[in-house]
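Asks: final.cif is the file, holding mmCIF, C-alpha atoms:
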```cif
data_query
#
loop_
_atom_site.label_atom_id
_atom_site.label_comp_id
_atom_site.auth_asym_id
_atom_site.auth_seq_id
_atom_site.Cartn_x
_atom_site.Cartn_y
_atom_site.Cartn_z
CA MET A 27 100.09 57.36 102.01
CA ILE A 28 96.81 58.64 100.57
CA ILE A 29 96.79 62.33 99.69
CA ALA A 30 93.99 64.54 98.37
CA GLU A 31 94.48 68.04 96.95
CA ILE A 32 91.79 70.64 96.35
CA ASN A 33 92.01 73.82 94.27
CA THR A 34 89.67 76.09 92.32
CA GLY A 35 90.98 74.63 89.05
CA PHE A 36 93.78 72.57 87.52
CA ARG A 37 94.90 75.33 85.13
CA GLY A 38 97.09 78.34 85.81
CA SER A 39 99.85 78.71 88.37
CA THR A 40 97.97 77.31 91.37
CA GLY A 41 96.53 74.43 89.35
CA GLY A 42 100.01 73.65 88.08
CA ILE A 43 101.38 73.54 91.62
CA MET A 44 98.61 71.13 92.62
CA LEU A 45 99.15 68.78 89.67
CA ASN A 46 102.94 68.86 89.90
CA THR A 47 103.06 68.15 93.64
CA ALA A 48 100.60 65.32 93.05
CA SER A 49 102.77 63.91 90.24
CA LEU A 50 105.93 63.96 92.36
CA ALA A 51 104.12 62.38 95.32
CA ARG A 52 102.91 59.57 93.03
CA GLN A 53 106.48 59.05 91.81
CA ASN A 54 107.41 58.57 95.45
CA GLY A 55 104.83 55.81 95.85
CA HIS A 56 101.89 57.75 97.28
CA ASN A 57 98.28 57.57 96.12
CA VAL A 58 97.09 61.07 95.20
CA VAL A 59 93.70 62.29 93.99
CA THR A 60 93.20 65.94 93.01
CA PHE A 61 89.91 67.85 92.99
CA SER A 62 88.64 71.11 91.53
CA ALA A 63 85.53 72.94 90.40
CA TYR A 64 83.75 71.46 87.41
CA LYS A 65 84.91 72.38 83.91
CA LYS A 66 83.48 71.22 80.60
CA GLU A 67 86.61 69.32 79.59
CA VAL A 68 88.16 65.95 80.25
CA PRO A 69 90.12 66.19 83.53
CA PRO A 70 93.71 64.97 83.88
CA LYS A 71 94.30 61.43 85.05
CA GLY A 72 93.75 61.13 88.80
CA HIS A 73 91.65 64.31 88.91
CA GLU A 74 87.99 64.57 89.90
CA TYR A 75 85.49 67.40 89.72
CA ILE A 76 83.53 68.85 92.62
CA GLY A 77 79.85 69.36 91.86
CA SER A 78 78.60 70.71 88.55
CA LYS A 79 78.47 73.93 86.58
CA CYS A 80 74.98 74.47 87.99
CA SER A 81 76.01 74.01 91.63
CA SER A 82 78.89 76.46 91.26
CA LEU A 83 76.66 79.00 89.51
CA LEU A 84 74.02 78.79 92.24
CA ASN A 85 76.70 79.17 94.93
CA ARG A 86 78.08 82.19 93.10
CA VAL A 87 74.68 83.86 92.73
CA ARG A 88 73.88 83.23 96.38
CA SER A 89 77.24 84.62 97.48
CA VAL A 90 77.31 87.78 95.37
CA PHE A 91 73.77 88.83 96.19
CA THR A 92 73.87 88.09 99.95
CA GLY A 93 77.49 88.98 100.69
CA ILE A 94 77.85 85.71 102.64
CA SER A 95 80.30 83.68 100.58
CA GLU A 96 81.18 80.01 100.16
CA LYS A 97 78.17 78.56 101.98
CA GLY A 98 76.40 77.08 98.95
CA SER A 99 77.28 73.89 97.03
CA LYS A 100 76.05 71.73 99.92
CA LYS A 101 75.32 68.63 97.83
CA ALA A 102 78.58 68.97 95.93
CA THR A 103 80.57 69.31 99.16
CA LYS A 104 78.67 66.41 100.76
CA ASN A 105 79.70 64.22 97.82
CA LEU A 106 83.29 65.46 98.11
CA ILE A 107 83.37 64.58 101.80
CA LYS A 108 81.95 61.15 100.99
CA ARG A 109 84.75 60.64 98.47
CA LEU A 110 87.42 61.79 100.93
CA THR A 111 86.00 59.39 103.51
CA GLU A 112 86.10 56.51 101.00
CA LEU A 113 89.72 57.31 100.24
CA ASN A 114 90.51 57.54 103.97
CA VAL A 115 92.99 60.33 103.23
CA ASP A 116 96.09 60.71 105.36
CA VAL A 117 96.83 64.26 104.17
CA LEU A 118 94.47 66.87 102.73
CA HIS A 119 96.33 69.57 100.81
CA LEU A 120 94.17 72.67 100.30
CA HIS A 121 94.95 75.41 97.81
CA ASN A 122 92.53 78.15 96.70
CA LEU A 123 89.11 77.59 98.25
CA HIS A 124 87.45 80.71 96.89
CA GLY A 125 85.59 80.59 93.60
CA TRP A 126 82.08 79.54 94.68
CA TYR A 127 82.56 75.79 94.15
CA LEU A 128 82.69 74.58 97.77
CA ASN A 129 80.78 74.85 101.00
CA VAL A 130 83.78 75.90 103.05
CA PRO A 131 82.28 75.50 106.57
CA MET A 132 81.11 71.98 105.70
CA LEU A 133 84.59 71.02 104.52
CA PHE A 134 86.25 72.37 107.67
CA GLU A 135 83.70 70.65 109.90
CA TYR A 136 84.67 67.37 108.23
CA ILE A 137 88.36 68.17 108.84
CA LYS A 138 87.80 68.86 112.53
CA SER A 139 85.47 65.91 113.14
CA ASN A 140 87.85 63.43 111.51
CA ASN A 141 91.11 64.94 112.78
CA VAL A 142 92.49 65.11 109.25
CA LYS A 143 96.06 66.29 108.71
CA VAL A 144 95.89 69.43 106.58
CA ILE A 145 98.41 71.38 104.54
CA TRP A 146 96.89 74.67 103.37
CA THR A 147 98.80 76.67 100.77
CA LEU A 148 97.69 80.27 100.82
CA HIS A 149 98.33 81.58 97.32
CA ASP A 150 96.81 84.92 98.32
CA CYS A 151 95.34 86.63 101.39
CA TRP A 152 91.78 85.27 101.23
CA GLY A 153 92.33 82.75 104.03
CA PHE A 154 92.60 85.43 106.72
CA THR A 155 90.48 88.29 105.40
CA ALA A 156 86.72 88.57 105.29
CA GLN A 157 86.63 88.43 101.52
CA CYS A 158 89.48 90.04 99.59
CA SER A 159 92.40 88.16 98.09
CA HIS A 160 94.74 91.19 98.35
CA PHE A 161 94.80 94.38 100.40
CA GLU A 162 98.23 95.96 99.98
CA TYR A 163 97.20 98.39 97.23
CA GLU A 164 94.59 99.94 99.53
CA GLY A 165 96.88 99.78 102.55
CA CYS A 166 94.06 98.13 104.50
CA GLN A 167 94.82 96.67 107.94
CA LYS A 168 91.28 95.91 109.09
CA TRP A 169 91.77 92.17 108.60
CA LYS A 170 93.97 92.09 111.72
CA THR A 171 91.13 92.86 114.13
CA GLY A 172 87.92 92.60 112.12
CA CYS A 173 86.93 93.61 108.60
CA TYR A 174 84.22 96.19 107.85
CA GLU A 175 83.45 98.78 105.17
CA CYS A 176 85.66 96.88 102.72
CA PRO A 177 87.26 99.10 100.06
CA ARG A 178 87.26 96.28 97.51
CA TYR A 179 84.26 94.06 98.16
CA LYS A 180 83.26 94.50 94.50
CA ILE A 181 86.57 93.00 93.34
CA TYR A 182 86.95 89.23 92.99
CA PRO A 183 85.78 87.27 94.85
CA TYR A 184 83.17 90.00 94.59
CA THR A 185 79.78 90.58 96.18
CA TYR A 186 77.14 93.23 95.59
CA VAL A 187 76.71 94.02 99.28
CA ASP A 188 79.33 94.54 101.95
CA LYS A 189 78.93 91.85 104.61
CA THR A 190 82.62 91.72 105.47
CA LYS A 191 82.07 92.40 109.17
CA LYS A 192 80.04 89.19 109.45
CA MET A 193 82.21 87.20 107.03
CA TRP A 194 85.37 87.94 109.02
CA LYS A 195 83.77 86.50 112.15
CA LEU A 196 82.45 83.47 110.27
CA LYS A 197 85.81 82.64 108.69
CA LYS A 198 87.60 83.05 112.00
CA GLU A 199 85.17 80.50 113.42
CA TRP A 200 85.38 78.13 110.44
CA PHE A 201 89.18 77.98 110.45
CA ALA A 202 89.68 77.66 114.22
CA GLY A 203 90.28 74.48 116.18
CA ILE A 204 92.07 72.26 113.66
CA ASN A 205 94.41 69.86 115.43
CA ASP A 206 96.93 69.30 112.63
CA LEU A 207 97.13 72.22 110.21
CA THR A 208 100.26 73.64 108.63
CA ILE A 209 99.92 76.79 106.56
CA VAL A 210 102.25 77.22 103.60
CA THR A 211 102.90 80.56 101.96
CA PRO A 212 104.94 81.31 98.81
CA SER A 213 106.67 84.30 100.41
CA LYS A 214 107.94 85.51 103.75
CA TRP A 215 105.81 88.63 103.27
CA LEU A 216 102.62 86.56 103.25
CA ALA A 217 103.84 84.41 106.15
CA ASP A 218 104.44 87.54 108.24
CA ASN A 219 100.88 88.67 107.56
CA VAL A 220 99.44 85.28 108.48
CA LYS A 221 101.19 85.59 111.85
CA GLN A 222 99.26 88.82 112.49
CA SER A 223 95.88 87.33 111.57
CA PHE A 224 93.36 85.02 113.20
CA LEU A 225 95.42 82.13 111.77
CA LYS A 226 98.44 83.12 113.87
CA ASP A 227 98.29 80.06 116.16
CA TYR A 228 99.03 77.64 113.33
CA PRO A 229 102.58 76.81 112.19
CA VAL A 230 103.57 78.60 108.98
CA LYS A 231 106.14 77.36 106.48
CA VAL A 232 107.43 79.28 103.46
CA ILE A 233 107.71 77.27 100.24
CA ASN A 234 108.32 79.59 97.31
CA ASN A 235 106.54 78.94 94.05
CA GLY A 236 108.96 77.51 91.53
CA ILE A 237 109.70 77.86 87.83
CA ASP A 238 110.79 75.42 85.15
CA LEU A 239 114.49 76.07 84.60
CA ASP A 240 114.43 73.84 81.52
CA VAL A 241 112.15 76.43 79.91
CA PHE A 242 113.27 79.69 81.48
CA LYS A 243 116.92 79.91 80.51
CA PRO A 244 118.97 82.03 78.10
CA THR A 245 117.22 81.51 74.77
CA GLU A 246 118.51 83.24 71.66
CA SER A 247 116.05 84.55 69.07
CA ASP A 248 115.45 87.18 66.40
CA PHE A 249 113.29 89.27 68.73
CA ARG A 250 115.45 92.39 68.48
CA LYS A 251 115.73 92.08 64.70
CA ASN A 252 112.01 91.43 64.24
CA TYR A 253 111.12 94.64 66.10
CA SER A 254 114.09 96.66 64.76
CA LEU A 255 115.55 97.06 68.24
CA GLU A 256 119.16 96.09 67.54
CA ASN A 257 120.53 99.36 68.97
CA LYS A 258 117.97 99.91 71.72
CA LYS A 259 118.07 99.27 75.45
CA ILE A 260 114.94 97.21 76.05
CA VAL A 261 112.89 97.59 79.24
CA LEU A 262 110.45 94.70 79.66
CA GLY A 263 107.24 94.32 81.63
CA VAL A 264 105.08 91.17 81.80
CA ALA A 265 101.65 90.69 83.39
CA SER A 266 98.50 88.70 82.77
CA ASN A 267 96.25 91.58 83.83
CA TRP A 268 97.67 95.05 83.22
CA THR A 269 96.14 97.52 85.66
CA LYS A 270 97.38 100.30 87.92
CA ARG A 271 97.95 97.64 90.57
CA LYS A 272 100.51 96.09 88.24
CA GLY A 273 102.03 99.46 87.38
CA LEU A 274 100.65 100.18 83.91
CA ASP A 275 100.64 103.90 84.66
CA VAL A 276 104.31 103.70 85.68
CA PHE A 277 105.32 102.40 82.27
CA VAL A 278 103.36 105.21 80.63
CA LYS A 279 105.30 107.68 82.78
CA LEU A 280 108.63 105.96 82.08
CA SER A 281 107.95 106.17 78.35
CA GLN A 282 107.82 109.95 78.75
CA CYS A 283 111.03 110.13 80.82
CA LEU A 284 113.40 107.68 79.16
CA THR A 285 115.31 108.86 76.11
CA SER A 286 114.85 107.45 72.62
CA ASP A 287 117.73 105.06 73.33
CA TYR A 288 115.28 103.01 75.40
CA GLN A 289 112.34 100.91 74.27
CA ILE A 290 109.62 99.68 76.62
CA VAL A 291 108.01 96.34 75.70
CA LEU A 292 104.90 95.10 77.52
CA VAL A 293 103.72 91.49 77.27
CA GLY A 294 100.22 90.35 78.27
CA THR A 295 98.32 93.39 77.03
CA ASN A 296 95.00 93.53 75.19
CA ASP A 297 92.97 95.96 73.09
CA ASN A 298 91.73 97.86 76.15
CA VAL A 299 95.27 98.25 77.49
CA ASP A 300 96.49 99.40 74.09
CA LYS A 301 94.11 102.36 74.25
CA GLN A 302 95.96 103.56 77.38
CA LEU A 303 99.45 103.19 75.92
CA PRO A 304 101.44 105.82 74.03
CA SER A 305 102.70 104.92 70.59
CA ASN A 306 106.29 104.51 71.77
CA ILE A 307 105.51 101.41 73.87
CA ILE A 308 105.53 98.06 72.06
CA SER A 309 102.50 96.00 73.06
CA ILE A 310 102.50 92.20 72.76
CA HIS A 311 99.16 90.66 73.62
CA ARG A 312 100.40 87.16 74.24
CA THR A 313 103.19 84.75 73.50
CA ASN A 314 102.60 81.41 71.79
CA ASN A 315 104.33 79.48 74.56
CA GLN A 316 106.73 79.82 77.47
CA ARG A 317 109.75 79.36 75.23
CA GLU A 318 108.80 82.47 73.27
CA LEU A 319 108.47 84.35 76.57
CA ALA A 320 111.96 83.14 77.54
CA GLU A 321 113.25 84.49 74.22
CA ILE A 322 111.84 87.92 75.05
CA TYR A 323 113.28 87.90 78.58
CA THR A 324 116.68 86.98 77.12
CA ALA A 325 116.60 89.73 74.51
CA CYS A 326 115.93 92.51 77.02
CA ASP A 327 118.35 94.57 79.09
CA VAL A 328 116.27 94.94 82.24
CA TYR A 329 113.01 93.64 83.62
CA ALA A 330 110.95 96.34 85.36
CA ASN A 331 108.23 95.32 87.81
CA PRO A 332 106.39 98.37 89.22
CA THR A 333 103.81 96.18 90.93
CA ARG A 334 101.94 97.67 93.88
CA GLU A 335 100.48 94.36 95.03
CA GLU A 336 102.32 91.04 94.84
CA VAL A 337 102.40 87.84 96.88
CA LEU A 338 105.71 86.75 95.32
CA GLY A 339 106.32 87.75 91.70
CA LEU A 340 107.64 84.79 89.73
CA VAL A 341 108.02 86.98 86.63
CA ASN A 342 111.08 88.39 88.40
CA ILE A 343 112.57 84.91 88.68
CA GLU A 344 111.69 84.00 85.09
CA SER A 345 113.64 87.07 83.97
CA LEU A 346 116.64 86.25 86.18
CA ALA A 347 116.66 82.68 84.90
CA CYS A 348 117.12 84.11 81.41
CA GLY A 349 120.01 86.28 82.61
CA THR A 350 118.14 89.60 82.72
CA PRO A 351 118.38 91.70 85.94
CA VAL A 352 115.33 93.11 87.70
CA VAL A 353 114.20 96.38 89.24
CA THR A 354 111.01 96.16 91.29
CA PHE A 355 108.86 98.17 93.65
CA ASN A 356 109.06 97.20 97.31
CA ALA A 357 105.64 95.55 97.22
CA GLY A 358 104.60 92.32 98.92
CA GLY A 359 106.97 89.44 98.28
CA SER A 360 108.46 90.88 95.08
CA PRO A 361 111.71 92.05 96.78
CA GLU A 362 112.29 88.47 97.99
CA CYS A 363 112.95 87.46 94.38
CA VAL A 364 116.09 89.58 94.02
CA ASN A 365 119.26 90.32 95.95
CA GLU A 366 121.97 92.94 95.70
CA ASP A 367 123.81 90.87 93.07
CA CYS A 368 121.00 90.58 90.53
CA GLY A 369 118.60 93.48 90.91
CA SER A 370 117.33 96.57 92.65
CA VAL A 371 114.35 97.42 94.87
CA VAL A 372 112.86 100.91 94.99
CA GLU A 373 110.00 102.22 97.07
CA ILE A 374 106.45 102.00 95.75
CA ASP A 375 105.52 104.91 93.47
CA ASP A 376 109.07 106.27 93.35
CA ILE A 377 109.07 106.39 89.56
CA ASP A 378 112.13 108.64 89.46
CA ALA A 379 114.12 106.05 91.41
CA MET A 380 112.93 103.29 89.10
CA GLU A 381 113.98 105.33 86.08
CA ARG A 382 117.42 105.94 87.58
CA GLU A 383 117.89 102.23 88.28
CA ILE A 384 116.80 101.29 84.77
CA VAL A 385 119.38 103.66 83.31
CA ARG A 386 122.09 102.50 85.74
CA ILE A 387 121.46 98.84 84.99
CA CYS A 388 121.44 99.37 81.25
CA GLN A 389 124.51 101.63 81.15
CA ASP A 390 126.74 100.37 83.96
CA LYS A 391 125.71 96.69 83.77
CA PRO A 392 126.35 96.12 87.50
CA PHE A 393 124.76 92.67 87.61
CA ALA A 394 126.45 89.60 86.17
CA LYS A 395 124.33 87.02 84.37
CA GLU A 396 125.73 84.25 86.55
CA ALA A 397 124.47 86.07 89.66
CA CYS A 398 121.03 86.20 88.06
CA PHE A 399 121.19 82.47 87.34
CA ASP A 400 122.26 81.72 90.91
CA LYS A 401 119.23 83.48 92.36
CA ALA A 402 116.86 81.79 89.91
CA ARG A 403 118.18 78.35 90.87
CA GLU A 404 116.77 78.88 94.37
CA PHE A 405 113.31 78.72 92.76
CA ASP A 406 113.74 75.49 90.82
CA LYS A 407 110.24 74.01 90.72
CA ASN A 408 111.56 70.49 91.31
CA LEU A 409 113.09 71.56 94.62
CA LYS A 410 109.88 73.29 95.69
CA PHE A 411 107.63 70.34 94.86
CA LYS A 412 110.03 68.10 96.79
CA GLU A 413 109.58 70.33 99.85
CA TYR A 414 105.83 69.68 99.69
CA VAL A 415 106.29 65.92 99.53
CA GLU A 416 108.63 66.10 102.52
CA LEU A 417 106.00 68.14 104.37
CA TYR A 418 103.38 65.43 103.73
CA LEU A 419 105.60 62.98 105.58
CA ALA A 420 106.49 65.29 108.47
#
```
Now, as a test, write the supplied structure out as structure tokens.
Replies:
Amino acid sequence: MIIAEINTGFRGSTGGIMLNTASLARQNGHNVVTFSAYKKEVPPKGHEYIGSKCSSLLNRVRSVFTGISEKGSKKATKNLIKRLTELNVDVLHLHNLHGWYLNVPMLFEYIKSNNVKVIWTLHDCWGFTAQCSHFEYEGCQKWKTGCYECPRYKIYPYTYVDKTKKMWKLKKEWFAGINDLTIVTPSKWLADNVKQSFLKDYPVKVINNGIDLDVFKPTESDFRKNYSLENKKIVLGVASNWTKRKGLDVFVKLSQCLTSDYQIVLVGTNDNVDKQLPSNIISIHRTNNQRELAEIYTACDVYANPTREEVLGLVNIESLACGTPVVTFNAGGSPECVNEDCGSVVEIDDIDAMEREIVRICQDKPFAKEACFDKAREFDKNLKFKEYVELYLA
């Protein structure tokens, strides 16, 4: 079987999913070629770039100034289609298509004209909104019947003018009429939203994102000693982009409510975030590798995730895999990462409830480490990648 996968890039979580599913499919005897937007670095083996830095830049400029996105990069997309035709692909696995590197309507016209079998993993909400990749924070429901007056059109994938009313109609047209399309979502929450959108007529399958259980596991270290936290109850938060959407303000509030017996540690901060933090929060800008992150998870008493917008929330699973229970806001797919044996879910913005759960978890220790491990095992990346390969053959 000949398989092609397309994503914005080969780095990060979505890029990792693309490369890992491709690797497993190759191990099972399939020919796989992966594609992404151009980067000035040598691509992995079996990976090809779409277009050039110039074509992506021109597409981006066109999109942000006109409000009509993903209609540039015509030559780059024409060459991609030529390559897909040469390969005579049996399955086309799409990931993130936003990012100004593709002419999306051209790609979908090729799919329809050639009756290509398509698996489309929606890593966010972009596939069924006019423009935005998330909408939960704003509580927006316009995407169900037709977007307009978008509250976040200036947020990635941003534009300078609001053309969401037209873009919603265009995307509904682009993505309609595909004979063999299966949509994959990493959470039931996202799947439920797809079923309320203009993509509702396509079959939807939930395949959770997975984690590497060889990395995220109980890992002893001198973390507590190095930060003089031997007698503290440590409350951990991890994010790659600390904003109010991720609950930065909640941690500031918790730092004012929790007693001196508790120490909040935030990972993934930066100089700008530090300016917003009180002195009693420990800020760690980055870890050197995933093992170091596993050491921090292991050293902590509870992982707090006051996210207000989340497709799944693998940080919850990473924590559980290291034996540390979780308390999270009831946002997006985050509650799907825990159960009554390994963590707690409180309503969004109920900071008092989150504080109470943090104290209860640290003092009463109601969650056994083995229960945390059991939940994490459901998200073993090897099992998840295997589900994709099985879907290719379905």
Asks: May I have a table of the residues of stretch 209-238 of chain A lying at most 12 Å from stretch 130-145 of chain A, giving each one's closest pair of atoms and their distance in Å to one decimal, counting only C-alpha atoms, ordered by chain and ascending residue number, as a tab-separated table?
Replies:
```
residue	atom	partner	partner_atom	distance
A:Ile209	CA	A:Ile145	CA	6.0
A:Val210	CA	A:Ile145	CA	7.1
A:Thr211	CA	A:Ile145	CA	10.5
A:Tyr228	CA	A:Ile145	CA	10.8
A:Pro229	CA	A:Ile145	CA	10.3
A:Val230	CA	A:Ile145	CA	9.9
A:Lys231	CA	A:Ile145	CA	10.0
A:Ile233	CA	A:Ile145	CA	11.8
```
Asks: Taking only residues of stretch 140-228 of chain A that have an atom at most 7 Å from an atom of stretch 355-363 of chain A, what is each one's shortest atom pair and its distance in Å to one decimal, using only C-alpha atoms, in chain and number order, as JSON lines?
Replies:
```
{"residue": "A:Ser213", "atom": "CA", "partner": "A:Gly359", "partner_atom": "CA", "distance": 5.6}
{"residue": "A:Lys214", "atom": "CA", "partner": "A:Gly359", "partner_atom": "CA", "distance": 6.8}
{"residue": "A:Trp215", "atom": "CA", "partner": "A:Gly359", "partner_atom": "CA", "distance": 5.2}
```
Asks: Restricting the calculation to only C-alpha atoms: of A:Gly35, A:Pro392, A:Gly294, A:Pro183, which residue gets closest to A:Asp150?
Replies: A:Pro183
Asks: So, counting all atoms listed in the file, which residue among A:Ala265, A:Gly125, A:Ser89, A:Val115 is closest to A:Tyr64?
Replies: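 Looking at the shortest contact to A:Tyr64, the residue is A:Gly125.
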Asks: What does the structure give for the distance between atom CA of A:Pro304 and atom CA of A:Phe277, in Å to one decimal?
Replies: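 According to the coordinates, atom CA of A:Pro304 and atom CA of A:Phe277 are separated by 9.7 Å.
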Asks: So that I can check the surroundings of A:Gln289, please list as a list in words every protein, DNA and RNA residue that reaches within 8 Å of it, counting only C-alpha atoms and ignoring chain neighbours fewer than 4 positions away.
Replies: Leu255, Lys258, Lys259, Ile260, Val261, Ser281, Asn306, Ile307 and Ile308 of chain A
Asks: For the structure provided, state which residues fall under the PyMOL selection byres ((chain A and resi 407-415) around 8), and present them as an NGL selection string.
Replies: :A and (43 or 46-47 or 50-51 or 233-239 or 405-406 or 416-419)
Asks: One decimal, in Å: what's the spacing between atom CA of A:Gly369 and atom CA of A:Arg403?
Replies: 15.1 Å
Asks: To one decimal place in Å, what is the distance between atom CA of A:Glu373 and atom CA of A:His149?
Replies: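 That distance, rounded to one decimal, is 23.7 Å.
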Asks: Skipping near chain neighbours, those fewer than 4 positions away, what residues fall within 9 Å of stretch 153-168 of chain A using all atoms listed in the file, listed as a PyMOL selection string?
Replies: chain A and resi 95+122-124+148-149+172-174+176-179+181-185+189-198+201+219-220+223-225+271+334-337+357-358
Asks: So that I can check the surroundings of A:Asp116, please list as a PyMOL selection string every protein, DNA and RNA residue that reaches within 8 Å of it, counting only C-alpha atoms and ignoring chain neighbours fewer than 2 positions away.
Replies: chain A and resi 27-29+114+118+142-143
Asks: Report as AutoDock Vina command-line options the centre and the edge lengths, in Å to one decimal, of the axis-aligned box holding every listed atom of stretch 207-216 of chain A, padded by 8 Å on each side.
Replies:
```
--center_x 102.5 --center_y 80.4 --center_z 104.5 --size_x 26.8 --size_y 32.4 --size_z 27.4
```
Asks: Return the single residue from A:Asn252, A:Gln316, A:Asn129, A:Ser39 that is closest to A:Asp240, with distances computed using only C-alpha atoms.
Replies: A:Gln316
Asks: Rank nothing, just name the residue among A:Ile322, A:Leu280, A:Asn57, A:Lys401 nearest to A:Arg382, using all atoms listed in the file.
Replies: A:Leu280
Asks: Run the PyMOL selection byres ((chain A and resi 303) around 12) against the file shown and list the residues it catches, as a VMD selection string.
Replies: chain A and resid 268 to 269 274 to 282 290 to 292 295 to 302 304 to 310
Asks: Excluding same-chain residues fewer than 6 positions from A:Lys243, what lies within 12 Å of it counting only C-alpha atoms, as a PyMOL selection string?
Replies: chain A and resi 237+316-325+343-350+395-396+398-400+402-403+406
Asks: Expand the PyMOL selection byres ((chain A and resi 71-77) around 8) into the explicit residue set it covers here, and present it as a ChimeraX atom specification.
Replies: /A:58-65,69-70,78-79,81-82,99,101-103,105-106,127-128
Asks: Rank A:Val385, A:Val187, A:Val371, A:Tyr329 by their smallest atom-to-atom distance to A:Leu284, using all atoms listed in the file, and report the top residue only.
Replies: A:Val385
Asks: Would you mind listing what lies within 7 Å of A:Phe393 as a list in words, with all atoms listed in the file counted and same-chain residues fewer than 2 positions away left out?
Replies: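 Near neighbours after the sequence-gap exclusion: Pro351, Asp367, Cys368, Lys391, Lys395 and Ala397 of chain A.
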Asks: Restricting the calculation to all atoms listed in the file: of A:Val87, A:Ile94, A:Met44, A:Cys80, which residue gets closest to A:His121?
Replies: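 Result for the nearest residue to A:His121: A:Met44.
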